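Visitor: Please find one structure pasted underneath; my questions will follow.
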Amino acid sequence: MKFRIHGPTQLKGNVTISGAKNAILPILFASLLTKEPVEIQNVPNLSDVESAINLLEHLGVKVECNGSVFVDASVISNYHAPYEMVKTIRASFWVLGPLLARFGQGVVSLPGGCEIGSRPVDLHISGLQKLGAIINLEKGYVNATVNGRLRGAYIFIDQPSFGATVNIMNAATLATGTTIIENAAREPEIVDTANFLNTLGAKITGAGTCKITIEGVERLSGGVYRILPDRIETGTYLVAAAVSRGSVVCHGTCPDNLNAVLHKLREAGAHIETGEDWISLDMRGRRPKAVSVRTAPYPGFPTDMQAQFCLLNLVAEGVGIVTETIFENRFMHIPELSRMGAKAQIERNSVICRGVQSLFGVPVMATDLRASASLVLAGCVAEGVTEVDRIYHIDRGYYHIEKKLRGMGANIERIGS
Ligand SMILES: CC(=O)N[C@H]1[C@@H](OP(=O)(O)OP(=O)(O)OC[C@H]2O[C@@H](n3ccc(=O)[nH]c3=O)[C@H](O)[C@@H]2O)O[C@H](CO)[C@@H](O)[C@@H]1O
Ligand SMILES: C=C(OP(=O)(O)O)C(=O)O
């Protein structure tokens, strides 16, 4: 499958934002913590969600998708997440905490590295060990058990890892006593996961700050929960308008979760207004100005918006430096954008972007989710035809990107089988 894009187009229009990928995935796995039925609303139709559901079904969970996603984890027949499934979706490592907490056992493949870096899971493992888990690494698998229930503990995470915070917080909901996670990640999706669990009767406070307190409960109930909007999808469509000198209104989003991104877009010359659940951006026909960004844990500038801002700088007026501090190999879009005429120079974990007036269309290869998004947006502003190959990466995290971009006037079609 490829996207074929004819450009350039000044993108203008309205986009409705879907539920957040990085919230639905931890929440789906957290549903394992209760034997009562759970209904999750506003679930984005993404291949990552499909992969997560496949893994839950492999464990014996009943899942029904019918507008909402209904999860019934009353009975589990399997505690084993095989490599074949974990490698397709790294987030599946989040089954470990819930399996241990509710069933006292879990065997999960080590996820290994991926396109953007080595992505270790040592902080997940040491956190679960502090909760009393006995963990052995055997032939690429994490084999974890606990005698009785997990036990609440004080856990200082060496760096504010999103993934480790989720795994430890979820596991601690069913532990005996109180767990404190210090130096916790603060992403809105952590807050969403905590809110979901609290809806089911968990006692989590402090999510969204660097100190999360979890008072363990014996069991969780069922419930209904609505996923928060995707802030990275929102940011991507805002950049789509910015790089094409166009305008967009993103509906059904949460402006408060995008402060760092909106700040940089304003610095780039965008006129931005926000309401309770919408954001509008208007370039008034002007070319963006280059901005320097440095990725950092939330509320800093998100690593998941880094590729899109590289593109912004590469078509902007001036020179911008983009520094990636979270993942060591997240510049795979740069060689592809250079083939489209961009002027970029990678120096260690920074890329110096010298804006050019226009890019030209060529065949390019998507390498990871956000890199793919930057290539698709580049295709929309480039002169001529761009073909973006390997778009399964983009389907992991963007629901119907071609339809949403067509709604903004893009000439983009999905081709091939
Ligand atoms: C800090 C950050 O921006 N995290 C992003 C990252 O979360 P994700 O959970 O993928 O990554 P982490 O937040 O866990 O990683 C942050 C840093 O900690 C390191 N690390 C992590 C776990 C561990 O056990 N050991 C270890 O050394 C990682 O290599 C990385 O350098 O991707 C998610 C999905 O795109 C985003 O929603 C998160 O905002
Ligand atoms: C890197 C991302 O996701 P994942 O952690 O699921 O690979 C992302 O959402 O940009």
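Convention: chains lettered A, B, ... in structure tokens order; per-chain residue numbering from 1; ligands numbered from 1 as shown.
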Run DSSP on the backbone and tell me which residues of segment 30-209 of chain A come out as helix (DSSP H, G or I); list them as a PDB file with N, CA and C atoms, in the first residue's frame.

Guide:
ATOM      1  N   ALA A  30      -5.166  -2.349  30.557  1.00  0.00           N
ATOM      2  CA  ALA A  30      -5.581  -2.194  31.955  1.00  0.00           C
ATOM      3  C   ALA A  30      -6.935  -2.869  32.204  1.00  0.00           C
ATOM      4  N   SER A  31      -7.710  -3.088  31.131  1.00  0.00           N
ATOM      5  CA  SER A  31      -9.013  -3.749  31.289  1.00  0.00           C
ATOM      6  C   SER A  31      -8.861  -5.177  31.810  1.00  0.00           C
ATOM      7  N   LEU A  32      -7.653  -5.725  31.680  1.00  0.00           N
ATOM      8  CA  LEU A  32      -7.384  -7.063  32.212  1.00  0.00           C
ATOM      9  C   LEU A  32      -7.475  -7.104  33.735  1.00  0.00           C
ATOM     10  N   LEU A  33      -7.450  -5.917  34.356  1.00  0.00           N
ATOM     11  CA  LEU A  33      -7.420  -5.867  35.818  1.00  0.00           C
ATOM     12  C   LEU A  33      -8.779  -6.173  36.449  1.00  0.00           C
ATOM     13  N   SER A  47      -4.620   0.267  13.348  1.00  0.00           N
ATOM     14  CA  SER A  47      -4.095  -1.102  13.319  1.00  0.00           C
ATOM     15  C   SER A  47      -3.459  -1.469  14.657  1.00  0.00           C
ATOM     16  N   ASP A  48      -2.930  -0.489  15.390  1.00  0.00           N
ATOM     17  CA  ASP A  48      -2.383  -0.802  16.718  1.00  0.00           C
ATOM     18  C   ASP A  48      -3.476  -1.284  17.677  1.00  0.00           C
ATOM     19  N   VAL A  49      -4.665  -0.700  17.530  1.00  0.00           N
ATOM     20  CA  VAL A  49      -5.774  -1.104  18.401  1.00  0.00           C
ATOM     21  C   VAL A  49      -6.173  -2.534  18.048  1.00  0.00           C
ATOM     22  N   GLU A  50      -6.199  -2.820  16.742  1.00  0.00           N
ATOM     23  CA  GLU A  50      -6.528  -4.173  16.292  1.00  0.00           C
ATOM     24  C   GLU A  50      -5.503  -5.179  16.852  1.00  0.00           C
ATOM     25  N   SER A  51      -4.219  -4.799  16.793  1.00  0.00           N
ATOM     26  CA  SER A  51      -3.183  -5.707  17.306  1.00  0.00           C
ATOM     27  C   SER A  51      -3.342  -5.919  18.807  1.00  0.00           C
ATOM     28  N   ALA A  52      -3.686  -4.863  19.532  1.00  0.00           N
ATOM     29  CA  ALA A  52      -3.866  -4.994  20.984  1.00  0.00           C
ATOM     30  C   ALA A  52      -5.043  -5.919  21.281  1.00  0.00           C
ATOM     31  N   ILE A  53      -6.118  -5.769  20.504  1.00  0.00           N
ATOM     32  CA  ILE A  53      -7.296  -6.616  20.714  1.00  0.00           C
ATOM     33  C   ILE A  53      -6.952  -8.080  20.385  1.00  0.00           C
ATOM     34  N   ASN A  54      -6.166  -8.276  19.318  1.00  0.00           N
ATOM     35  CA  ASN A  54      -5.752  -9.645  18.981  1.00  0.00           C
ATOM     36  C   ASN A  54      -5.011 -10.284  20.144  1.00  0.00           C
ATOM     37  N   LEU A  55      -4.142  -9.507  20.796  1.00  0.00           N
ATOM     38  CA  LEU A  55      -3.383 -10.066  21.910  1.00  0.00           C
ATOM     39  C   LEU A  55      -4.320 -10.387  23.081  1.00  0.00           C
ATOM     40  N   LEU A  56      -5.244  -9.472  23.362  1.00  0.00           N
ATOM     41  CA  LEU A  56      -6.185  -9.747  24.460  1.00  0.00           C
ATOM     42  C   LEU A  56      -6.973 -11.024  24.163  1.00  0.00           C
ATOM     43  N   GLU A  57      -7.402 -11.166  22.905  1.00  0.00           N
ATOM     44  CA  GLU A  57      -8.169 -12.371  22.543  1.00  0.00           C
ATOM     45  C   GLU A  57      -7.305 -13.621  22.662  1.00  0.00           C
ATOM     46  N   HIS A  58      -6.025 -13.471  22.334  1.00  0.00           N
ATOM     47  CA  HIS A  58      -5.098 -14.599  22.472  1.00  0.00           C
ATOM     48  C   HIS A  58      -5.024 -15.054  23.943  1.00  0.00           C
ATOM     49  N   TYR A  83       6.304 -13.476  21.184  1.00  0.00           N
ATOM     50  CA  TYR A  83       7.100 -12.490  20.439  1.00  0.00           C
ATOM     51  C   TYR A  83       6.375 -12.019  19.184  1.00  0.00           C
ATOM     52  N   GLU A  84       5.751 -12.953  18.456  1.00  0.00           N
ATOM     53  CA  GLU A  84       5.098 -12.612  17.180  1.00  0.00           C
ATOM     54  C   GLU A  84       4.073 -11.488  17.397  1.00  0.00           C
ATOM     55  N   MET A  85       3.437 -11.493  18.568  1.00  0.00           N
ATOM     56  CA  MET A  85       2.419 -10.462  18.811  1.00  0.00           C
ATOM     57  C   MET A  85       3.046  -9.205  19.405  1.00  0.00           C
ATOM     58  N   VAL A  86       4.024  -9.387  20.290  1.00  0.00           N
ATOM     59  CA  VAL A  86       4.636  -8.217  20.941  1.00  0.00           C
ATOM     60  C   VAL A  86       5.423  -7.395  19.920  1.00  0.00           C
ATOM     61  N   ARG A  90       4.578  -2.778  20.408  1.00  0.00           N
ATOM     62  CA  ARG A  90       5.403  -2.729  21.617  1.00  0.00           C
ATOM     63  C   ARG A  90       4.558  -2.509  22.862  1.00  0.00           C
ATOM     64  N   ALA A  91       3.436  -1.781  22.682  1.00  0.00           N
ATOM     65  CA  ALA A  91       2.578  -1.462  23.823  1.00  0.00           C
ATOM     66  C   ALA A  91       2.092  -2.734  24.501  1.00  0.00           C
ATOM     67  N   SER A  92       2.184  -3.882  23.823  1.00  0.00           N
ATOM     68  CA  SER A  92       1.685  -5.106  24.438  1.00  0.00           C
ATOM     69  C   SER A  92       2.493  -5.483  25.675  1.00  0.00           C
ATOM     70  N   PHE A  93       3.660  -4.858  25.867  1.00  0.00           N
ATOM     71  CA  PHE A  93       4.407  -5.131  27.093  1.00  0.00           C
ATOM     72  C   PHE A  93       3.590  -4.699  28.320  1.00  0.00           C
ATOM     73  N   TRP A  94       2.594  -3.836  28.083  1.00  0.00           N
ATOM     74  CA  TRP A  94       1.731  -3.383  29.191  1.00  0.00           C
ATOM     75  C   TRP A  94       0.788  -4.472  29.693  1.00  0.00           C
ATOM     76  N   VAL A  95       0.762  -5.662  29.075  1.00  0.00           N
ATOM     77  CA  VAL A  95      -0.054  -6.735  29.657  1.00  0.00           C
ATOM     78  C   VAL A  95       0.594  -7.243  30.934  1.00  0.00           C
ATOM     79  N   LEU A  96       1.904  -7.046  31.063  1.00  0.00           N
ATOM     80  CA  LEU A  96       2.626  -7.692  32.165  1.00  0.00           C
ATOM     81  C   LEU A  96       2.108  -7.234  33.537  1.00  0.00           C
ATOM     82  N   GLY A  97       2.017  -5.925  33.756  1.00  0.00           N
ATOM     83  CA  GLY A  97       1.569  -5.414  35.057  1.00  0.00           C
ATOM     84  C   GLY A  97       0.194  -5.966  35.442  1.00  0.00           C
ATOM     85  N   PRO A  98      -0.813  -5.815  34.573  1.00  0.00           N
ATOM     86  CA  PRO A  98      -2.142  -6.327  34.901  1.00  0.00           C
ATOM     87  C   PRO A  98      -2.190  -7.854  35.091  1.00  0.00           C
ATOM     88  N   LEU A  99      -1.448  -8.617  34.255  1.00  0.00           N
ATOM     89  CA  LEU A  99      -1.470 -10.076  34.418  1.00  0.00           C
ATOM     90  C   LEU A  99      -0.938 -10.458  35.795  1.00  0.00           C
ATOM     91  N   LEU A 100       0.160  -9.834  36.176  1.00  0.00           N
ATOM     92  CA  LEU A 100       0.776 -10.127  37.474  1.00  0.00           C
ATOM     93  C   LEU A 100      -0.155  -9.738  38.609  1.00  0.00           C
ATOM     94  N   ALA A 101      -0.755  -8.551  38.487  1.00  0.00           N
ATOM     95  CA  ALA A 101      -1.563  -8.029  39.587  1.00  0.00           C
ATOM     96  C   ALA A 101      -2.812  -8.870  39.799  1.00  0.00           C
ATOM     97  N   ARG A 102      -3.433  -9.305  38.722  1.00  0.00           N
ATOM     98  CA  ARG A 102      -4.707 -10.025  38.908  1.00  0.00           C
ATOM     99  C   ARG A 102      -4.529 -11.541  38.982  1.00  0.00           C
ATOM    100  N   PHE A 103      -3.557 -12.060  38.216  1.00  0.00           N
ATOM    101  CA  PHE A 103      -3.444 -13.528  38.132  1.00  0.00           C
ATOM    102  C   PHE A 103      -2.151 -14.059  38.752  1.00  0.00           C
ATOM    103  N   ASP A 122      13.863  -1.941  31.170  1.00  0.00           N
ATOM    104  CA  ASP A 122      14.418  -2.209  32.506  1.00  0.00           C
ATOM    105  C   ASP A 122      13.642  -1.486  33.615  1.00  0.00           C
ATOM    106  N   LEU A 123      13.125  -0.291  33.319  1.00  0.00           N
ATOM    107  CA  LEU A 123      12.423   0.460  34.376  1.00  0.00           C
ATOM    108  C   LEU A 123      11.058  -0.174  34.685  1.00  0.00           C
ATOM    109  N   HIS A 124      10.443  -0.764  33.679  1.00  0.00           N
ATOM    110  CA  HIS A 124       9.188  -1.502  33.929  1.00  0.00           C
ATOM    111  C   HIS A 124       9.506  -2.665  34.879  1.00  0.00           C
ATOM    112  N   ILE A 125      10.573  -3.382  34.532  1.00  0.00           N
ATOM    113  CA  ILE A 125      10.890  -4.608  35.264  1.00  0.00           C
ATOM    114  C   ILE A 125      11.297  -4.287  36.710  1.00  0.00           C
ATOM    115  N   SER A 126      12.166  -3.280  36.884  1.00  0.00           N
ATOM    116  CA  SER A 126      12.600  -3.006  38.258  1.00  0.00           C
ATOM    117  C   SER A 126      11.433  -2.479  39.091  1.00  0.00           C
ATOM    118  N   GLY A 127      10.521  -1.731  38.467  1.00  0.00           N
ATOM    119  CA  GLY A 127       9.344  -1.237  39.208  1.00  0.00           C
ATOM    120  C   GLY A 127       8.470  -2.398  39.661  1.00  0.00           C
ATOM    121  N   LEU A 128       8.224  -3.350  38.772  1.00  0.00           N
ATOM    122  CA  LEU A 128       7.377  -4.493  39.137  1.00  0.00           C
ATOM    123  C   LEU A 128       8.067  -5.345  40.207  1.00  0.00           C
ATOM    124  N   GLN A 129       9.410  -5.433  40.118  1.00  0.00           N
ATOM    125  CA  GLN A 129      10.146  -6.182  41.161  1.00  0.00           C
ATOM    126  C   GLN A 129       9.951  -5.520  42.530  1.00  0.00           C
ATOM    127  N   LYS A 130       9.952  -4.185  42.531  1.00  0.00           N
ATOM    128  CA  LYS A 130       9.755  -3.481  43.823  1.00  0.00           C
ATOM    129  C   LYS A 130       8.370  -3.782  44.399  1.00  0.00           C
ATOM    130  N   PHE A 162       7.110   7.008  30.155  1.00  0.00           N
ATOM    131  CA  PHE A 162       5.655   6.859  29.986  1.00  0.00           C
ATOM    132  C   PHE A 162       5.264   5.388  30.188  1.00  0.00           C
ATOM    133  N   GLY A 163       5.961   4.521  29.455  1.00  0.00           N
ATOM    134  CA  GLY A 163       5.613   3.103  29.478  1.00  0.00           C
ATOM    135  C   GLY A 163       5.764   2.499  30.862  1.00  0.00           C
ATOM    136  N   ALA A 164       6.865   2.795  31.548  1.00  0.00           N
ATOM    137  CA  ALA A 164       7.091   2.209  32.868  1.00  0.00           C
ATOM    138  C   ALA A 164       6.071   2.740  33.862  1.00  0.00           C
ATOM    139  N   THR A 165       5.747   4.027  33.777  1.00  0.00           N
ATOM    140  CA  THR A 165       4.749   4.601  34.699  1.00  0.00           C
ATOM    141  C   THR A 165       3.417   3.869  34.534  1.00  0.00           C
ATOM    142  N   VAL A 166       3.007   3.641  33.280  1.00  0.00           N
ATOM    143  CA  VAL A 166       1.737   2.952  33.014  1.00  0.00           C
ATOM    144  C   VAL A 166       1.759   1.538  33.603  1.00  0.00           C
ATOM    145  N   ASN A 167       2.820   0.800  33.317  1.00  0.00           N
ATOM    146  CA  ASN A 167       2.872  -0.603  33.744  1.00  0.00           C
ATOM    147  C   ASN A 167       2.829  -0.714  35.270  1.00  0.00           C
ATOM    148  N   ILE A 168       3.604   0.155  35.940  1.00  0.00           N
ATOM    149  CA  ILE A 168       3.695   0.073  37.404  1.00  0.00           C
ATOM    150  C   ILE A 168       2.379   0.565  38.031  1.00  0.00           C
ATOM    151  N   MET A 169       1.865   1.687  37.504  1.00  0.00           N
ATOM    152  CA  MET A 169       0.615   2.239  38.064  1.00  0.00           C
ATOM    153  C   MET A 169      -0.520   1.215  37.933  1.00  0.00           C
ATOM    154  N   ASN A 170      -0.634   0.613  36.755  1.00  0.00           N
ATOM    155  CA  ASN A 170      -1.711  -0.350  36.542  1.00  0.00           C
ATOM    156  C   ASN A 170      -1.581  -1.533  37.494  1.00  0.00           C
ATOM    157  N   ALA A 171      -0.355  -2.044  37.619  1.00  0.00           N
ATOM    158  CA  ALA A 171      -0.147  -3.202  38.497  1.00  0.00           C
ATOM    159  C   ALA A 171      -0.475  -2.845  39.946  1.00  0.00           C
ATOM    160  N   ALA A 172      -0.105  -1.642  40.353  1.00  0.00           N
ATOM    161  CA  ALA A 172      -0.254  -1.258  41.765  1.00  0.00           C
ATOM    162  C   ALA A 172      -1.715  -1.087  42.184  1.00  0.00           C
ATOM    163  N   PRO A 188      -0.840  13.372  29.448  1.00  0.00           N
ATOM    164  CA  PRO A 188      -2.301  13.322  29.607  1.00  0.00           C
ATOM    165  C   PRO A 188      -2.851  11.897  29.468  1.00  0.00           C
ATOM    166  N   GLU A 189      -2.151  11.047  28.715  1.00  0.00           N
ATOM    167  CA  GLU A 189      -2.648   9.678  28.533  1.00  0.00           C
ATOM    168  C   GLU A 189      -2.455   8.859  29.808  1.00  0.00           C
ATOM    169  N   ILE A 190      -1.511   9.281  30.664  1.00  0.00           N
ATOM    170  CA  ILE A 190      -1.364   8.628  31.980  1.00  0.00           C
ATOM    171  C   ILE A 190      -2.563   9.034  32.837  1.00  0.00           C
ATOM    172  N   VAL A 191      -2.923  10.314  32.735  1.00  0.00           N
ATOM    173  CA  VAL A 191      -4.084  10.799  33.495  1.00  0.00           C
ATOM    174  C   VAL A 191      -5.331  10.055  33.018  1.00  0.00           C
ATOM    175  N   ASP A 192      -5.448   9.871  31.697  1.00  0.00           N
ATOM    176  CA  ASP A 192      -6.623   9.183  31.148  1.00  0.00           C
ATOM    177  C   ASP A 192      -6.697   7.745  31.669  1.00  0.00           C
ATOM    178  N   THR A 193      -5.535   7.086  31.699  1.00  0.00           N
ATOM    179  CA  THR A 193      -5.511   5.698  32.185  1.00  0.00           C
ATOM    180  C   THR A 193      -5.907   5.664  33.668  1.00  0.00           C
ATOM    181  N   ALA A 194      -5.383   6.618  34.439  1.00  0.00           N
ATOM    182  CA  ALA A 194      -5.730   6.666  35.871  1.00  0.00           C
ATOM    183  C   ALA A 194      -7.222   6.955  36.040  1.00  0.00           C
ATOM    184  N   ASN A 195      -7.754   7.875  35.221  1.00  0.00           N
ATOM    185  CA  ASN A 195      -9.186   8.190  35.318  1.00  0.00           C
ATOM    186  C   ASN A 195     -10.041   6.966  34.980  1.00  0.00           C
ATOM    187  N   PHE A 196      -9.593   6.234  33.966  1.00  0.00           N
ATOM    188  CA  PHE A 196     -10.310   4.995  33.602  1.00  0.00           C
ATOM    189  C   PHE A 196     -10.336   4.041  34.801  1.00  0.00           C
ATOM    190  N   LEU A 197      -9.148   3.825  35.391  1.00  0.00           N
ATOM    191  CA  LEU A 197      -9.071   2.869  36.502  1.00  0.00           C
ATOM    192  C   LEU A 197      -9.870   3.372  37.704  1.00  0.00           C
ATOM    193  N   ASN A 198      -9.847   4.673  37.933  1.00  0.00           N
ATOM    194  CA  ASN A 198     -10.632   5.218  39.051  1.00  0.00           C
ATOM    195  C   ASN A 198     -12.128   5.036  38.818  1.00  0.00           C
ATOM    196  N   THR A 199     -12.542   5.104  37.537  1.00  0.00           N
ATOM    197  CA  THR A 199     -13.955   4.840  37.205  1.00  0.00           C
ATOM    198  C   THR A 199     -14.333   3.420  37.625  1.00  0.00           C
TER     199      THR A 199
END

Visitor: Fewer than 3 positions away in the same chain doesn't count, so skip those; otherwise give me all residues within 7 Å of Lys203 of chain A, counting only C-alpha atoms, as a list in words.

Guide: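 The neighbour list is Asn198, Ile214, Glu215 and Gly216 of chain A.
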
Visitor: Can those selected residues be exported to a file as a PDB file, in the first residue's frame so that it contains C-alpha atoms?

Guide:
ATOM      1  CA  ASN A 198     -10.632   5.218  39.051  1.00  0.00           C
ATOM      2  CA  ILE A 214      -2.000   4.374  44.354  1.00  0.00           C
ATOM      3  CA  GLU A 215      -3.882   2.878  47.263  1.00  0.00           C
ATOM      4  CA  GLY A 216      -4.347  -0.737  46.312  1.00  0.00           C
TER       5      GLY A 216
END

Visitor: Using only C-alpha atoms and all ligand atoms, which of the listed residues (A:Pro44, A:Pro160, A:Gly104, A:Pro37) sits closest to ligand 1?

Guide: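 That would be A:Pro160, the residue with the smallest distance to ligand 1.
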
Visitor: Could you give me the residues within 10 Å of ligand 2, counting only C-alpha atoms and all ligand atoms, as JSON, numbers by chain?

Guide: {"A": [20, 21, 22, 25, 48, 88, 89, 90, 91, 92, 113, 114, 115, 116, 117, 119, 162, 163, 232, 233, 302, 303, 304, 305, 306, 307, 327, 330, 368, 369, 370, 371, 373, 393, 394, 396, 397, 398]}

Visitor: Output the selection as an mmCIF file, in the first residue's frame - N, CA and C atoms for each residue.

Guide:
data_model
loop_
_atom_site.group_PDB
_atom_site.id
_atom_site.type_symbol
_atom_site.label_atom_id
_atom_site.label_comp_id
_atom_site.auth_asym_id
_atom_site.auth_seq_id
_atom_site.Cartn_x
_atom_site.Cartn_y
_atom_site.Cartn_z
ATOM 1 N N ALA A 20 -7.300 9.043 21.431
ATOM 2 C CA ALA A 20 -5.832 8.974 21.455
ATOM 3 C C ALA A 20 -5.323 7.534 21.444
ATOM 4 N N LYS A 21 -4.477 7.254 20.467
ATOM 5 C CA LYS A 21 -3.809 5.948 20.412
ATOM 6 C C LYS A 21 -3.078 5.641 21.719
ATOM 7 N N ASN A 22 -2.361 6.632 22.230
ATOM 8 C CA ASN A 22 -1.515 6.351 23.394
ATOM 9 C C ASN A 22 -2.301 6.320 24.704
ATOM 10 N N LEU A 25 -4.407 2.270 24.108
ATOM 11 C CA LEU A 25 -3.587 1.055 24.251
ATOM 12 C C LEU A 25 -3.373 0.694 25.726
ATOM 13 N N ASP A 48 -2.930 -0.489 15.390
ATOM 14 C CA ASP A 48 -2.383 -0.802 16.718
ATOM 15 C C ASP A 48 -3.476 -1.284 17.677
ATOM 16 N N THR A 88 4.743 -6.789 16.873
ATOM 17 C CA THR A 88 3.902 -5.934 16.028
ATOM 18 C C THR A 88 3.422 -4.705 16.801
ATOM 19 N N ILE A 89 3.380 -4.807 18.116
ATOM 20 C CA ILE A 89 2.934 -3.659 18.902
ATOM 21 C C ILE A 89 3.627 -3.681 20.263
ATOM 22 N N ARG A 90 4.578 -2.778 20.408
ATOM 23 C CA ARG A 90 5.403 -2.729 21.617
ATOM 24 C C ARG A 90 4.558 -2.509 22.862
ATOM 25 N N ALA A 91 3.436 -1.781 22.682
ATOM 26 C CA ALA A 91 2.578 -1.462 23.823
ATOM 27 C C ALA A 91 2.092 -2.734 24.501
ATOM 28 N N SER A 92 2.184 -3.882 23.823
ATOM 29 C CA SER A 92 1.685 -5.106 24.438
ATOM 30 C C SER A 92 2.493 -5.483 25.675
ATOM 31 N N GLY A 113 14.214 -3.685 20.119
ATOM 32 C CA GLY A 113 14.269 -2.284 19.675
ATOM 33 C C GLY A 113 13.246 -2.047 18.584
ATOM 34 N N CYS A 114 13.219 -0.837 18.075
ATOM 35 C CA CYS A 114 12.348 -0.582 16.926
ATOM 36 C C CYS A 114 12.973 0.507 16.080
ATOM 37 N N GLU A 115 12.214 0.998 15.110
ATOM 38 C CA GLU A 115 12.769 1.937 14.119
ATOM 39 C C GLU A 115 13.339 3.195 14.758
ATOM 40 N N ILE A 116 12.861 3.551 15.951
ATOM 41 C CA ILE A 116 13.284 4.845 16.501
ATOM 42 C C ILE A 116 14.321 4.742 17.608
ATOM 43 N N GLY A 117 14.646 3.514 18.027
ATOM 44 C CA GLY A 117 15.666 3.403 19.067
ATOM 45 C C GLY A 117 15.639 2.043 19.750
ATOM 46 N N ARG A 119 14.877 1.309 22.978
ATOM 47 C CA ARG A 119 13.662 1.237 23.794
ATOM 48 C C ARG A 119 13.671 0.106 24.833
ATOM 49 N N PHE A 162 7.110 7.008 30.155
ATOM 50 C CA PHE A 162 5.655 6.859 29.986
ATOM 51 C C PHE A 162 5.264 5.388 30.188
ATOM 52 N N GLY A 163 5.961 4.521 29.455
ATOM 53 C CA GLY A 163 5.613 3.103 29.478
ATOM 54 C C GLY A 163 5.764 2.499 30.862
ATOM 55 N N ILE A 232 -1.455 14.204 19.471
ATOM 56 C CA ILE A 232 -0.441 14.145 18.409
ATOM 57 C C ILE A 232 -1.127 14.217 17.039
ATOM 58 N N GLU A 233 -2.271 13.562 16.920
ATOM 59 C CA GLU A 233 -3.030 13.691 15.662
ATOM 60 C C GLU A 233 -3.418 15.163 15.469
ATOM 61 N N PRO A 302 6.735 17.329 22.563
ATOM 62 C CA PRO A 302 6.659 15.865 22.386
ATOM 63 C C PRO A 302 7.560 15.309 21.288
ATOM 64 N N THR A 303 8.233 14.237 21.608
ATOM 65 C CA THR A 303 9.036 13.547 20.589
ATOM 66 C C THR A 303 8.153 13.098 19.421
ATOM 67 N N ASP A 304 6.877 12.830 19.710
ATOM 68 C CA ASP A 304 5.978 12.368 18.642
ATOM 69 C C ASP A 304 5.590 13.482 17.672
ATOM 70 N N MET A 305 6.011 14.734 17.941
ATOM 71 C CA MET A 305 5.774 15.845 17.006
ATOM 72 C C MET A 305 7.075 16.312 16.364
ATOM 73 N N GLN A 306 8.163 15.620 16.663
ATOM 74 C CA GLN A 306 9.476 16.082 16.182
ATOM 75 C C GLN A 306 9.600 16.020 14.653
ATOM 76 N N ALA A 307 9.154 14.922 14.052
ATOM 77 C CA ALA A 307 9.296 14.773 12.594
ATOM 78 C C ALA A 307 8.473 15.835 11.862
ATOM 79 N N PHE A 327 14.576 9.617 22.015
ATOM 80 C CA PHE A 327 14.944 8.399 21.282
ATOM 81 C C PHE A 327 16.183 8.666 20.436
ATOM 82 N N ARG A 330 15.721 8.822 15.894
ATOM 83 C CA ARG A 330 14.407 9.244 15.404
ATOM 84 C C ARG A 330 14.504 10.306 14.307
ATOM 85 N N ASP A 368 8.700 4.960 10.171
ATOM 86 C CA ASP A 368 7.982 4.791 11.439
ATOM 87 C C ASP A 368 6.782 5.721 11.418
ATOM 88 N N LEU A 369 6.001 5.623 12.460
ATOM 89 C CA LEU A 369 4.700 6.309 12.458
ATOM 90 C C LEU A 369 4.778 7.816 12.192
ATOM 91 N N ARG A 370 5.545 8.529 12.992
ATOM 92 C CA ARG A 370 5.528 9.996 12.848
ATOM 93 C C ARG A 370 6.394 10.448 11.664
ATOM 94 N N ALA A 371 7.440 9.675 11.350
ATOM 95 C CA ALA A 371 8.218 9.965 10.145
ATOM 96 C C ALA A 371 7.293 9.904 8.935
ATOM 97 N N ALA A 373 4.114 10.438 8.854
ATOM 98 C CA ALA A 373 3.214 11.604 8.832
ATOM 99 C C ALA A 373 3.931 12.786 8.205
ATOM 100 N N HIS A 393 2.837 1.821 8.506
ATOM 101 C CA HIS A 393 3.313 2.548 9.693
ATOM 102 C C HIS A 393 2.306 3.623 10.099
ATOM 103 N N ILE A 394 1.776 4.317 9.108
ATOM 104 C CA ILE A 394 0.880 5.443 9.415
ATOM 105 C C ILE A 394 -0.476 4.942 9.904
ATOM 106 N N ARG A 396 -0.955 2.658 11.852
ATOM 107 C CA ARG A 396 -0.841 2.333 13.285
ATOM 108 C C ARG A 396 -1.453 3.428 14.145
ATOM 109 N N GLY A 397 -1.325 4.675 13.673
ATOM 110 C CA GLY A 397 -1.648 5.774 14.586
ATOM 111 C C GLY A 397 -2.525 6.881 14.035
ATOM 112 N N TYR A 398 -2.880 6.839 12.739
ATOM 113 C CA TYR A 398 -3.740 7.897 12.186
ATOM 114 C C TYR A 398 -4.948 7.250 11.536
#

Visitor: Calculate how many Å separate atom CA of Val319 of chain A from atom CA of Glu347 of chain A, rounding to one decimal.

Guide: 14.4 Å

Visitor: Would you please extract all strand (DSSP E) residues from segment 260-323 of chain A, as assigned by DSSP on the backbone, and give them as a list in words?

Guide: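 DSSP on the backbone gives strand (DSSP E) at His271, Ile272, Glu273, Thr274, Trp278, Ile279, Ser280, Leu281, Asp282, Val293, Arg294, Val319, Gly320, Ile321, Val322 and Thr323 of chain A.
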
Visitor: Neighbours of Ser358 of chain A within 10 Å (only C-alpha atoms; same-chain residues fewer than 4 positions away dropped), as a ChimeraX atom specification?

Guide: /A:8,314-316,340-342,378,381-383

Visitor: At a cut-off of 10 Å, using only C-alpha atoms, what residues contact Asn143 of chain A? Leave out same-chain residues fewer than 4 positions from it and give the result as a ChimeraX atom specification.

Guide: /A:79-80,96,105-110,133-139
